[in-house]
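The structure appears below as structure tokens.
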Amino acid sequence: MLNLGLSPLVALFDTIEPHLPSARVVIILVFISVVLLSAITQAFARRREARRFSKLFGCQPPPRDNPYDPLGLRKIIRSTKTFLNKQSLLTAVKLFSEHGNTYTSRVLTSNVVFTCDPRNIKQILATRFADFESSPLRGHLFKPLLSHSIFQLDGPHWKITRERYRHEARFSNLRSILDLGRQEKSFQTLLKCIPDHQPFDLYILFRHLMMDLTTGFCLGDSANSLTYQTPEKREFAEAITDIQQRIAAGGFVGPLSQFMSKKQMRIDTQIIHRFVEKYIDESLAKPIPYDKVDKQSESEGYNMLDALAEFSRDKLELRDYTTTILIAGTESTSSLLSSVMYLLARNEEVFLKLRQSVLEIVGREPPTFTQIKGLAYLRCVINEALRFYPPVPINARIANTATTLPVGGGPDGKSPVYIHKGQKVVFSSFAIHRSTQIYGEDALVFRPERWENGEALKEGGGAFFPFLLGPRACPGQQYALIESSYVIVRLLQTFREIKPRDLRPWKEHMGLNLRNDNGCWLEVVRDDEALA
Ligand code: HEM
């Protein structure tokens with residue numbers, strides 16, 4: 001062997017080799033370096049872009065909620081604690097009063113913007129609608145229950161789905177889908193469950209009522225939650241209630257949802273899919289077009305599944321479309337109904353005024369569409385209940401491009417705010433709806449009169465959005481309003497007194513929809529003149 005004088009080097013290698021990191025450690029180190037490098041490059045690129053936006057549009061950073069919390073860990077612990085103590089919404093209101101209507105908070109590696117300024121809300125939901133998305137924030141939460149539902153889509157696919165609800169499911173023609181006969185039948189069943197001279201929880205009854213009405217609307221068959229349920233229907237109703245709570249919990253814990261057990265969610269999903277698919281098979285077996293003779297009204301016997309099956313024979317698609325509405329239309333409306341009755345029971349003057357207007361305009365008979373639309377004071381009461389307890393009290397979007405919010409930056413909060421691609425913006429209808437700047441000094445008083453003559457909304461859009469605003473506003477808004485109005489009118493025709501039977505204060509319960517954790521305990525007095 002040639003002696004090149006390398007023996008000292010070989011000896012050195014022999015000494016070092018056992019101490020060299022294994023291949024796995026090298027891979028991890030390289031991975032961490034790449035992540036760090038890309039984070040640093042991204043931070044520099046963002047800083048450059050922020051400077052450009054500052055020059056172009058005068059953007060300035062908003063105040064920071066947790067400047068001494070670089071990883072946002074304190075923020076995460078605080079948010080989890082307030083969520084568990086059922087104080088999230090009031091804490092959010094407090095944070096806005098401390099930092100102003102727009103501020104940022106560090107949450108792990110990202111800077112989240114929180115806003116309750118109507119001008120920013122209008123920008124996110126309407127003016128710059130195309131700059132923001134929602135599917136990256138919640139698409140995964142609905143899996144495996146839903147695959148490509150409207151909740152999980154943005155852009156052109158979302159638009160197509162939205163149009164199909166409008167035209168194929170006929171959401172654009174309310175009178176052709178809202179079956180008032182079905183409403184009356186379910187209302188009569190509800191009445192049988194309400195005891196005389198005894199406290200009862202109306203929230204539970206409303207939840208069952210809405211389950212029955214929504215299954216009737218979506219599948220053409222009631223879940224019979226208010227009466228005798230077959231074991232199959234009971235299992236389905238329980239599964240769909242349970243899964244909504246799990247989806248919501250996943251949303252609240254954010255990235256930690258990866259560590260939550262998905263076992264019960266999979267079981268619920270199987271039950272719901274099996275149940276809905278049975279109706280899909282039945283619907284697909286019917287000849288098209290479906291029999292439309294012998295109907296008292298355009299909407300009689302309408303169900304969304306049959307309407308959609310006239311256009312699509314795809315089982316998965318039909319399952320997604322119907323299951324979405326079973327989720328969107330049940331708890332939201334029972335939450336609204338409970339809030340209205342909770343507030344009416346505590347505001348006797350409003351109750352009496354509303355009852356008088358119902359008896360004058362509608363009388364004792366079940367209301368018609370036209371009569372419901374003519375009940376102006378009822379609309380004021382519903383608006384005020386939606387202002388107080390919006391069923392969707394908090395929401396979020398993620399920017400899909402570099403963009404701006406019109407206000408919230410700088411020491412006076414008047415400058416625009418730069419939003420980088422991928423930045424999350426959280427906005428709260430609960431906070432805006434309680435703002436004294438918008439609703440005046442009596443913002444925390446239940447006063448439906450503020451809605452008369454559009455007085456409450458003189459500030460313009462963005463200050464009241466229980467159904468959201470812009471292209472993505474709730475497509476079921478009119479449906480939900482007429483459906484709820486029908487039930488409230490019938491209750492007011494039937495009962496001449498409603499008394500609260502729970503002295504505990506209202507307490508937040510955040511599922512997919514907001515409700516009172518203590519339910520809606522009431523006692524009612526029937527009007528002898530009411531129709532049976
Ligand atoms: C009081 C009752 C209701 C309230 C307060 C309400 C509120 C909302 C809100 C705030 C959104 C927007 C969610 C978001 O994009 O972040 C929404 C979306 C939606 N709602 Fe409602 N909703 C109600 C009832 C209903 C009903 C009865 C239906 C169907 C019959 C329905 C169907 C939908 C659908 C399909 C979406 C998704 C729209 C889209 O992403 O384009 N909702 N709703």
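Naming scheme: A, B, ... for chains in displayed order of the structure tokens; residues 1 onward per chain; ligands 1 onward as shown.
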For A:Lys421, find every residue with an atom within 9 Å (counting only C-alpha atoms), except residues of its own chain fewer than 5 positions away, and show them as a PDB file with C-alpha atoms, in the first residue's frame.
ATOM      1  CA  ARG A  46     -43.326  39.369   4.831  1.00  0.00           C
ATOM      2  CA  ASP A 131     -59.087  37.468  -0.826  1.00  0.00           C
ATOM      3  CA  ILE A 398     -57.755  33.009   6.186  1.00  0.00           C
ATOM      4  CA  ALA A 399     -56.200  35.299   3.549  1.00  0.00           C
ATOM      5  CA  ASN A 400     -55.317  33.545   0.287  1.00  0.00           C
ATOM      6  CA  THR A 401     -53.245  36.528  -0.878  1.00  0.00           C
ATOM      7  CA  ALA A 402     -51.579  39.605   0.616  1.00  0.00           C
ATOM      8  CA  THR A 403     -54.387  42.052   1.326  1.00  0.00           C
TER       9      THR A 403
END
Next item on the list: Can you pull out every residue within 9 Å of stretch 62-66 of chain A, counting only C-alpha atoms, but drop anything in the same chain fewer than 3 positions away, and send it as an MDAnalysis selection string?
Entry: chainID A and resid 69:70 72 74:75 95 98:100 102:106 113 407:411 413 415:417
Restricted to N, CA and C atoms, what would the selected residues look like written as a short mmCIF file (atom, residue, chain, number, x, y, z; two decimals), in the first residue's frame?
data_model
loop_
_atom_site.label_atom_id
_atom_site.label_comp_id
_atom_site.auth_asym_id
_atom_site.auth_seq_id
_atom_site.Cartn_x
_atom_site.Cartn_y
_atom_site.Cartn_z
N ASP A 69 -45.29 37.33 25.05
CA ASP A 69 -45.65 35.92 24.99
C ASP A 69 -45.25 35.42 23.59
N PRO A 70 -43.90 35.31 23.34
CA PRO A 70 -43.45 35.12 21.96
C PRO A 70 -44.03 33.90 21.26
N GLY A 72 -46.95 32.57 22.10
CA GLY A 72 -48.40 32.60 22.25
C GLY A 72 -48.93 31.51 23.16
N ARG A 74 -49.16 31.50 26.46
CA ARG A 74 -50.06 32.03 27.51
C ARG A 74 -51.46 32.27 26.92
N LYS A 75 -51.46 32.75 25.67
CA LYS A 75 -52.73 33.02 24.99
C LYS A 75 -53.54 31.72 24.84
N LEU A 95 -61.44 41.90 25.80
CA LEU A 95 -60.17 42.13 25.10
C LEU A 95 -60.32 43.26 24.07
N GLU A 98 -60.19 46.47 25.83
CA GLU A 98 -58.83 46.83 26.30
C GLU A 98 -57.91 47.28 25.16
N HIS A 99 -58.01 46.57 24.00
CA HIS A 99 -57.03 46.82 22.93
C HIS A 99 -57.58 47.62 21.76
N GLY A 100 -58.88 47.84 21.73
CA GLY A 100 -59.49 48.50 20.57
C GLY A 100 -60.17 47.46 19.70
N THR A 102 -59.56 46.33 16.83
CA THR A 102 -58.72 45.41 16.04
C THR A 102 -57.37 45.26 16.74
N TYR A 103 -56.95 44.04 16.96
CA TYR A 103 -55.63 43.81 17.57
C TYR A 103 -55.09 42.46 17.07
N THR A 104 -53.80 42.23 17.34
CA THR A 104 -53.24 40.92 16.97
C THR A 104 -52.84 40.16 18.22
N SER A 105 -52.76 38.86 18.06
CA SER A 105 -52.33 37.99 19.14
C SER A 105 -51.43 36.93 18.55
N ARG A 106 -50.34 36.64 19.22
CA ARG A 106 -49.47 35.57 18.76
C ARG A 106 -50.10 34.25 19.21
N VAL A 113 -55.17 38.04 13.64
CA VAL A 113 -55.81 39.34 13.79
C VAL A 113 -57.23 39.12 14.31
N VAL A 407 -59.20 49.45 8.48
CA VAL A 407 -58.89 50.19 9.72
C VAL A 407 -58.34 49.24 10.79
N GLY A 408 -57.78 49.86 11.85
CA GLY A 408 -57.32 49.06 12.99
C GLY A 408 -55.82 49.23 13.25
N GLY A 409 -55.07 49.82 12.26
CA GLY A 409 -53.63 49.95 12.44
C GLY A 409 -53.22 51.27 13.08
N GLY A 410 -52.00 51.27 13.63
CA GLY A 410 -51.45 52.50 14.21
C GLY A 410 -52.01 52.79 15.59
N PRO A 411 -51.42 53.79 16.28
CA PRO A 411 -51.82 54.08 17.67
C PRO A 411 -53.29 54.50 17.79
N GLY A 413 -55.67 53.52 15.63
CA GLY A 413 -56.51 52.48 15.02
C GLY A 413 -57.18 52.91 13.73
N SER A 415 -55.48 53.55 10.73
CA SER A 415 -54.76 53.18 9.49
C SER A 415 -55.15 51.78 9.02
N PRO A 416 -54.97 51.55 7.73
CA PRO A 416 -55.23 50.19 7.23
C PRO A 416 -54.24 49.19 7.83
N VAL A 417 -54.61 47.92 7.80
CA VAL A 417 -53.76 46.87 8.37
C VAL A 417 -53.36 45.91 7.25
#
Next item on the list: Determine, counting only C-alpha atoms, which protein, DNA and RNA residues have an atom within 12 Å of an atom of A:Trp506; residues of the same chain fewer than 2 positions away are not included. Present the result as a PyMOL selection string.
Entry: chain A and resi 86-87+90+338-339+342-343+346+388-389+500+502-504+508-509+514-521
Item checked: Distance filter 9 Å around ligand 1, atoms: only C-alpha atoms and all ligand atoms, out as number ranges by chain -> A: 134, 149-154, 158-159, 161-162, 165, 171, 214, 217-218, 321, 324-337, 386, 390-397, 465-469, 471-481, 483-484, 513
Selected residues written out with C-alpha atoms, as a PDB file, in the first residue's frame:
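Saved file result-v1.pdb follows:
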ATOM      1  CA  SER A 134     -62.725  29.429   5.100  1.00  0.00           C
ATOM      2  CA  SER A 149     -69.733  19.899   1.299  1.00  0.00           C
ATOM      3  CA  ILE A 150     -70.270  23.632   0.866  1.00  0.00           C
ATOM      4  CA  PHE A 151     -68.601  24.172   4.270  1.00  0.00           C
ATOM      5  CA  GLN A 152     -65.403  22.590   2.917  1.00  0.00           C
ATOM      6  CA  LEU A 153     -65.156  24.492  -0.351  1.00  0.00           C
ATOM      7  CA  ASP A 154     -63.986  27.861  -1.632  1.00  0.00           C
ATOM      8  CA  TRP A 158     -68.013  26.525  -3.687  1.00  0.00           C
ATOM      9  CA  LYS A 159     -69.824  28.679  -6.260  1.00  0.00           C
ATOM     10  CA  THR A 161     -72.408  24.046  -4.897  1.00  0.00           C
ATOM     11  CA  ARG A 162     -74.050  27.289  -3.810  1.00  0.00           C
ATOM     12  CA  TYR A 165     -78.713  24.795  -3.527  1.00  0.00           C
ATOM     13  CA  PHE A 171     -83.706  27.713  -2.098  1.00  0.00           C
ATOM     14  CA  THR A 214     -85.225  19.484   9.335  1.00  0.00           C
ATOM     15  CA  PHE A 217     -87.352  19.045   4.963  1.00  0.00           C
ATOM     16  CA  CYS A 218     -84.174  17.193   3.944  1.00  0.00           C
ATOM     17  CA  TYR A 321     -75.846  18.044   0.266  1.00  0.00           C
ATOM     18  CA  THR A 324     -74.956  19.601   5.368  1.00  0.00           C
ATOM     19  CA  ILE A 325     -78.450  21.010   5.810  1.00  0.00           C
ATOM     20  CA  LEU A 326     -79.215  18.591   8.655  1.00  0.00           C
ATOM     21  CA  ILE A 327     -76.256  20.230  10.387  1.00  0.00           C
ATOM     22  CA  ALA A 328     -76.794  23.826   9.252  1.00  0.00           C
ATOM     23  CA  GLY A 329     -80.528  24.056   9.888  1.00  0.00           C
ATOM     24  CA  THR A 330     -81.203  22.274  13.182  1.00  0.00           C
ATOM     25  CA  GLU A 331     -79.266  23.727  16.115  1.00  0.00           C
ATOM     26  CA  SER A 332     -79.027  27.215  14.602  1.00  0.00           C
ATOM     27  CA  THR A 333     -82.815  27.589  14.499  1.00  0.00           C
ATOM     28  CA  SER A 334     -83.457  25.934  17.874  1.00  0.00           C
ATOM     29  CA  SER A 335     -80.878  28.319  19.337  1.00  0.00           C
ATOM     30  CA  LEU A 336     -82.712  31.317  17.851  1.00  0.00           C
ATOM     31  CA  LEU A 337     -86.122  30.072  19.029  1.00  0.00           C
ATOM     32  CA  LEU A 386     -80.164  37.582  17.076  1.00  0.00           C
ATOM     33  CA  PRO A 390     -76.174  35.296  17.556  1.00  0.00           C
ATOM     34  CA  PRO A 391     -76.227  31.515  16.926  1.00  0.00           C
ATOM     35  CA  VAL A 392     -72.879  31.868  15.099  1.00  0.00           C
ATOM     36  CA  PRO A 393     -71.126  34.298  17.479  1.00  0.00           C
ATOM     37  CA  ILE A 394     -67.584  34.010  16.208  1.00  0.00           C
ATOM     38  CA  ASN A 395     -66.066  33.233  12.841  1.00  0.00           C
ATOM     39  CA  ALA A 396     -62.752  33.256  11.017  1.00  0.00           C
ATOM     40  CA  ARG A 397     -61.225  33.528   7.568  1.00  0.00           C
ATOM     41  CA  PHE A 465     -74.624  39.949  10.647  1.00  0.00           C
ATOM     42  CA  PRO A 466     -76.200  36.962  12.386  1.00  0.00           C
ATOM     43  CA  PHE A 467     -76.453  35.273   8.982  1.00  0.00           C
ATOM     44  CA  LEU A 468     -73.156  36.743   7.736  1.00  0.00           C
ATOM     45  CA  LEU A 469     -72.899  39.159   4.803  1.00  0.00           C
ATOM     46  CA  PRO A 471     -71.761  36.134  -1.236  1.00  0.00           C
ATOM     47  CA  ARG A 472     -71.362  33.595   1.566  1.00  0.00           C
ATOM     48  CA  ALA A 473     -74.295  34.810   3.691  1.00  0.00           C
ATOM     49  CA  CYS A 474     -76.528  32.004   4.940  1.00  0.00           C
ATOM     50  CA  PRO A 475     -78.675  30.693   2.062  1.00  0.00           C
ATOM     51  CA  GLY A 476     -81.211  29.438   4.634  1.00  0.00           C
ATOM     52  CA  GLN A 477     -81.767  32.885   6.180  1.00  0.00           C
ATOM     53  CA  GLN A 478     -85.286  33.508   4.876  1.00  0.00           C
ATOM     54  CA  TYR A 479     -86.221  29.888   5.485  1.00  0.00           C
ATOM     55  CA  ALA A 480     -85.010  30.089   9.102  1.00  0.00           C
ATOM     56  CA  LEU A 481     -86.790  33.396   9.716  1.00  0.00           C
ATOM     57  CA  GLU A 483     -89.810  28.823  10.114  1.00  0.00           C
ATOM     58  CA  SER A 484     -89.004  30.438  13.493  1.00  0.00           C
ATOM     59  CA  ASN A 513     -74.070  27.160  17.532  1.00  0.00           C
TER      60      ASN A 513
END
What's around A:Asp306 at 12 Å? Count only C-alpha atoms, leave out sequence neighbours fewer than 5 positions away in its own chain, and write the answer as an mmCIF file with N, CA and C atoms, in the first residue's frame.
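Final file, out06.cif:
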data_model
loop_
_atom_site.group_PDB
_atom_site.id
_atom_site.type_symbol
_atom_site.label_atom_id
_atom_site.label_comp_id
_atom_site.auth_asym_id
_atom_site.auth_seq_id
_atom_site.Cartn_x
_atom_site.Cartn_y
_atom_site.Cartn_z
ATOM 1 N N GLU A 168 -81.314 23.903 -7.930
ATOM 2 C CA GLU A 168 -81.798 22.518 -7.922
ATOM 3 C C GLU A 168 -82.573 22.207 -6.639
ATOM 4 N N ALA A 169 -82.059 22.681 -5.496
ATOM 5 C CA ALA A 169 -82.806 22.447 -4.241
ATOM 6 C C ALA A 169 -83.905 23.507 -4.061
ATOM 7 N N ARG A 170 -83.932 24.498 -4.930
ATOM 8 C CA ARG A 170 -84.957 25.556 -5.001
ATOM 9 C C ARG A 170 -84.930 26.530 -3.819
ATOM 10 N N ILE A 177 -90.563 25.658 -1.091
ATOM 11 C CA ILE A 177 -89.872 24.651 -0.259
ATOM 12 C C ILE A 177 -90.327 24.637 1.196
ATOM 13 N N GLY A 216 -87.609 16.189 8.057
ATOM 14 C CA GLY A 216 -88.745 16.220 7.112
ATOM 15 C C GLY A 216 -88.362 17.008 5.864
ATOM 16 N N PHE A 217 -87.750 18.163 6.067
ATOM 17 C CA PHE A 217 -87.352 19.045 4.963
ATOM 18 C C PHE A 217 -86.279 18.382 4.082
ATOM 19 N N CYS A 218 -85.293 17.752 4.719
ATOM 20 C CA CYS A 218 -84.174 17.193 3.944
ATOM 21 C C CYS A 218 -84.504 15.842 3.333
ATOM 22 N N LEU A 219 -85.144 14.965 4.126
ATOM 23 C CA LEU A 219 -85.292 13.567 3.700
ATOM 24 C C LEU A 219 -86.740 13.160 3.401
ATOM 25 N N GLY A 220 -87.678 14.041 3.756
ATOM 26 C CA GLY A 220 -89.084 13.735 3.513
ATOM 27 C C GLY A 220 -89.692 12.865 4.602
ATOM 28 N N ASP A 221 -88.989 12.675 5.716
ATOM 29 C CA ASP A 221 -89.510 11.841 6.799
ATOM 30 C C ASP A 221 -88.989 12.393 8.127
ATOM 31 N N TYR A 279 -82.579 6.667 2.694
ATOM 32 C CA TYR A 279 -83.519 7.584 2.020
ATOM 33 C C TYR A 279 -83.034 7.898 0.598
ATOM 34 N N ILE A 280 -81.717 7.950 0.434
ATOM 35 C CA ILE A 280 -81.179 8.235 -0.908
ATOM 36 C C ILE A 280 -81.558 7.092 -1.855
ATOM 37 N N ASP A 281 -81.400 5.861 -1.384
ATOM 38 C CA ASP A 281 -81.755 4.707 -2.230
ATOM 39 C C ASP A 281 -83.230 4.762 -2.605
ATOM 40 N N GLU A 282 -84.070 5.085 -1.638
ATOM 41 C CA GLU A 282 -85.513 5.165 -1.922
ATOM 42 C C GLU A 282 -85.796 6.250 -2.952
ATOM 43 N N SER A 283 -85.132 7.380 -2.779
ATOM 44 C CA SER A 283 -85.375 8.502 -3.682
ATOM 45 C C SER A 283 -84.915 8.159 -5.102
ATOM 46 N N LEU A 284 -83.752 7.511 -5.203
ATOM 47 C CA LEU A 284 -83.236 7.183 -6.529
ATOM 48 C C LEU A 284 -84.079 6.106 -7.230
ATOM 49 N N ALA A 285 -84.811 5.342 -6.426
ATOM 50 C CA ALA A 285 -85.640 4.284 -7.031
ATOM 51 C C ALA A 285 -86.956 4.832 -7.588
ATOM 52 N N LYS A 286 -87.292 6.070 -7.230
ATOM 53 C CA LYS A 286 -88.565 6.641 -7.710
ATOM 54 C C LYS A 286 -88.421 7.100 -9.155
ATOM 55 N N PRO A 287 -89.534 7.035 -9.919
ATOM 56 C CA PRO A 287 -89.457 7.550 -11.299
ATOM 57 C C PRO A 287 -89.408 9.085 -11.298
ATOM 58 N N ILE A 288 -88.718 9.658 -12.287
ATOM 59 C CA ILE A 288 -88.608 11.123 -12.398
ATOM 60 C C ILE A 288 -89.490 11.590 -13.566
ATOM 61 N N PRO A 289 -90.173 12.745 -13.500
ATOM 62 C CA PRO A 289 -90.260 13.618 -12.335
ATOM 63 C C PRO A 289 -91.204 13.031 -11.290
ATOM 64 N N TYR A 290 -90.984 13.404 -10.049
ATOM 65 C CA TYR A 290 -91.806 12.863 -8.973
ATOM 66 C C TYR A 290 -93.247 13.339 -9.108
ATOM 67 N N ASP A 291 -94.141 12.525 -8.584
ATOM 68 C CA ASP A 291 -95.569 12.803 -8.678
ATOM 69 C C ASP A 291 -95.892 14.139 -8.012
ATOM 70 N N LYS A 292 -96.475 15.063 -8.794
ATOM 71 C CA LYS A 292 -96.734 16.368 -8.196
ATOM 72 C C LYS A 292 -98.232 16.688 -8.166
ATOM 73 N N GLY A 301 -95.209 18.614 0.924
ATOM 74 C CA GLY A 301 -94.431 17.379 0.783
ATOM 75 C C GLY A 301 -93.050 17.592 0.197
ATOM 76 N N PHE A 311 -81.737 16.018 -10.447
ATOM 77 C CA PHE A 311 -80.588 16.516 -11.212
ATOM 78 C C PHE A 311 -79.347 15.645 -11.065
ATOM 79 N N SER A 312 -79.239 14.949 -9.924
ATOM 80 C CA SER A 312 -78.019 14.164 -9.703
ATOM 81 C C SER A 312 -78.378 12.755 -9.246
ATOM 82 N N ARG A 313 -77.643 11.771 -9.765
ATOM 83 C CA ARG A 313 -77.855 10.385 -9.338
ATOM 84 C C ARG A 313 -76.650 9.917 -8.534
ATOM 85 N N LEU A 318 -75.349 13.451 -3.084
ATOM 86 C CA LEU A 318 -76.652 13.644 -2.424
ATOM 87 C C LEU A 318 -76.498 13.565 -0.899
ATOM 88 N N ARG A 319 -75.631 12.661 -0.450
ATOM 89 C CA ARG A 319 -75.412 12.522 0.999
ATOM 90 C C ARG A 319 -74.779 13.785 1.574
ATOM 91 N N TYR A 321 -74.915 16.896 0.331
ATOM 92 C CA TYR A 321 -75.846 18.044 0.266
ATOM 93 C C TYR A 321 -76.880 17.979 1.391
ATOM 94 N N THR A 322 -77.457 16.771 1.620
ATOM 95 C CA THR A 322 -78.525 16.680 2.627
ATOM 96 C C THR A 322 -77.948 16.752 4.043
#
Notebook entry, point to check: Among stretch 87-292 of chain A, which residues carry a DSSP assignment of helix (DSSP H, G or I), reported as a PyMOL selection string?
Noted result: chain A and resi 88-99+118-127+129-131+135-142+150-152+155-167+174-176+180-193+202-219+231-259+263-285
Next item on the list: Name all residues at most 12 Å from A:Arg364 (count only C-alpha atoms; drop same-chain ones fewer than 5 positions away) and give them as an NGL selection string.
Entry: :A and (355-359 or 489-495 or 527-532)
Identify, on the basis of only C-alpha atoms, every residue whose closest approach to A:Glu49 does not exceed 10 Å; exclude the query and any residue fewer than 4 positions from it along the same chain; express the result as an mmCIF file with C-alpha atoms, in the first residue's frame.
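Just written: out_17.cif:
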data_model
loop_
_atom_site.group_PDB
_atom_site.id
_atom_site.type_symbol
_atom_site.label_atom_id
_atom_site.label_comp_id
_atom_site.auth_asym_id
_atom_site.auth_seq_id
_atom_site.Cartn_x
_atom_site.Cartn_y
_atom_site.Cartn_z
ATOM 1 C CA ALA A 43 -40.447 36.401 7.828
ATOM 2 C CA PHE A 44 -38.073 38.584 5.777
ATOM 3 C CA ALA A 45 -40.312 38.389 2.705
ATOM 4 C CA PHE A 53 -48.001 47.892 1.804
ATOM 5 C CA SER A 54 -47.157 50.571 4.318
ATOM 6 C CA LYS A 55 -45.791 52.796 1.516
ATOM 7 C CA ALA A 402 -51.579 39.605 0.616
ATOM 8 C CA TYR A 418 -51.561 44.664 6.183
ATOM 9 C CA ILE A 419 -52.690 41.015 6.112
ATOM 10 C CA HIS A 420 -50.190 38.515 4.752
#
Check: Which of these, A:Arg447, A:His433, A:Lys233, A:Arg182, has the shortest distance to A:Tyr486 once you count only C-alpha atoms?
Finding: A:Arg182
Next item on the list: Go through A:Asp314, A:Glu441, A:Asp412, A:Asp201 and flag the residue nearest A:Arg501, using only C-alpha atoms for the distances.
Entry: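 Of all the options, A:Asp201 lies closest to A:Arg501.
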List as JSON lines every residue of stretch 172-280 of chain A that is in contact with stretch 76-79 of chain A, defined as an atom at most 12 Å from one of its atoms (using only C-alpha atoms), together with the nearest atom pair and the distance in Å rounded to one decimal, sorted by chain and then rising number.
{"residue": "A:Phe252", "atom": "CA", "partner": "A:Ser79", "partner_atom": "CA", "distance": 9.1}
{"residue": "A:Val253", "atom": "CA", "partner": "A:Ile76", "partner_atom": "CA", "distance": 8.9}
{"residue": "A:Gly254", "atom": "CA", "partner": "A:Ile76", "partner_atom": "CA", "distance": 9.9}
{"residue": "A:Pro255", "atom": "CA", "partner": "A:Ile76", "partner_atom": "CA", "distance": 11.0}
{"residue": "A:Leu256", "atom": "CA", "partner": "A:Ile76", "partner_atom": "CA", "distance": 10.6}
File dump, residues just selected, N, CA and C atoms, as a tab-separated table (two decimals), in the first residue's frame:
chain	number	residue	atom	x	y	z
A	252	PHE	N	-62.38	24.53	18.23
A	252	PHE	CA	-61.90	25.37	19.33
A	252	PHE	C	-60.47	25.03	19.75
A	253	VAL	N	-60.10	23.76	19.66
A	253	VAL	CA	-58.74	23.43	20.11
A	253	VAL	C	-57.71	23.60	18.98
A	254	GLY	N	-58.17	23.93	17.77
A	254	GLY	CA	-57.26	24.26	16.66
A	254	GLY	C	-56.33	23.11	16.31
A	255	PRO	N	-55.00	23.39	16.24
A	255	PRO	CA	-54.08	22.33	15.81
A	255	PRO	C	-54.08	21.12	16.73
A	256	LEU	N	-54.50	21.33	17.99
A	256	LEU	CA	-54.52	20.20	18.94
A	256	LEU	C	-55.58	19.16	18.56
Notebook entry, point to check: Which of these, A:Ile382, A:Leu405, A:Leu191, A:Ala431, has the shortest distance to A:Gln60 once you count only C-alpha atoms?
Noted result: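 Nearest candidate to A:Gln60 out of A:Ile382, A:Leu405, A:Leu191, A:Ala431: A:Leu405.
Candidate residues A:Gly58, A:Pro406, A:Gly462, A:Gly440 were compared for distance to A:Phe427, and the nearest is A:Gly462, using only C-alpha atoms.
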Margin query: Just the number, please: distance in Å from atom CA of A:Asn101 to atom CA of A:Asp117, one decimal.
Written below: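 So the two atoms, atom CA of A:Asn101 and atom CA of A:Asp117, lie 5.5 Å apart.
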Checklist line | Secondary structure check, strand (DSSP E or B) residues of stretch 288-470 of chain A, as a list in words | finding: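 Going through stretch 288-470 of chain A, the strand (DSSP E or B) residues come out as Ile394, Asn395, Ala396, Arg397, Ile398, Ala399, Thr403, Thr404, Leu405, Pro406, Val407, Gly408, Gly409, Ser415, Pro416, Val417, Tyr418, Ile419, Lys424, Val425, Val426, Phe427 and Ser428 of chain A.
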Margin query: Report, in Å to a single decimal, how far apart atom CA of A:Pro448 and atom CA of A:Arg175 are.
Written below: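 Going from atom CA of A:Arg175 over to atom CA of A:Pro448 covers 27.1 Å.
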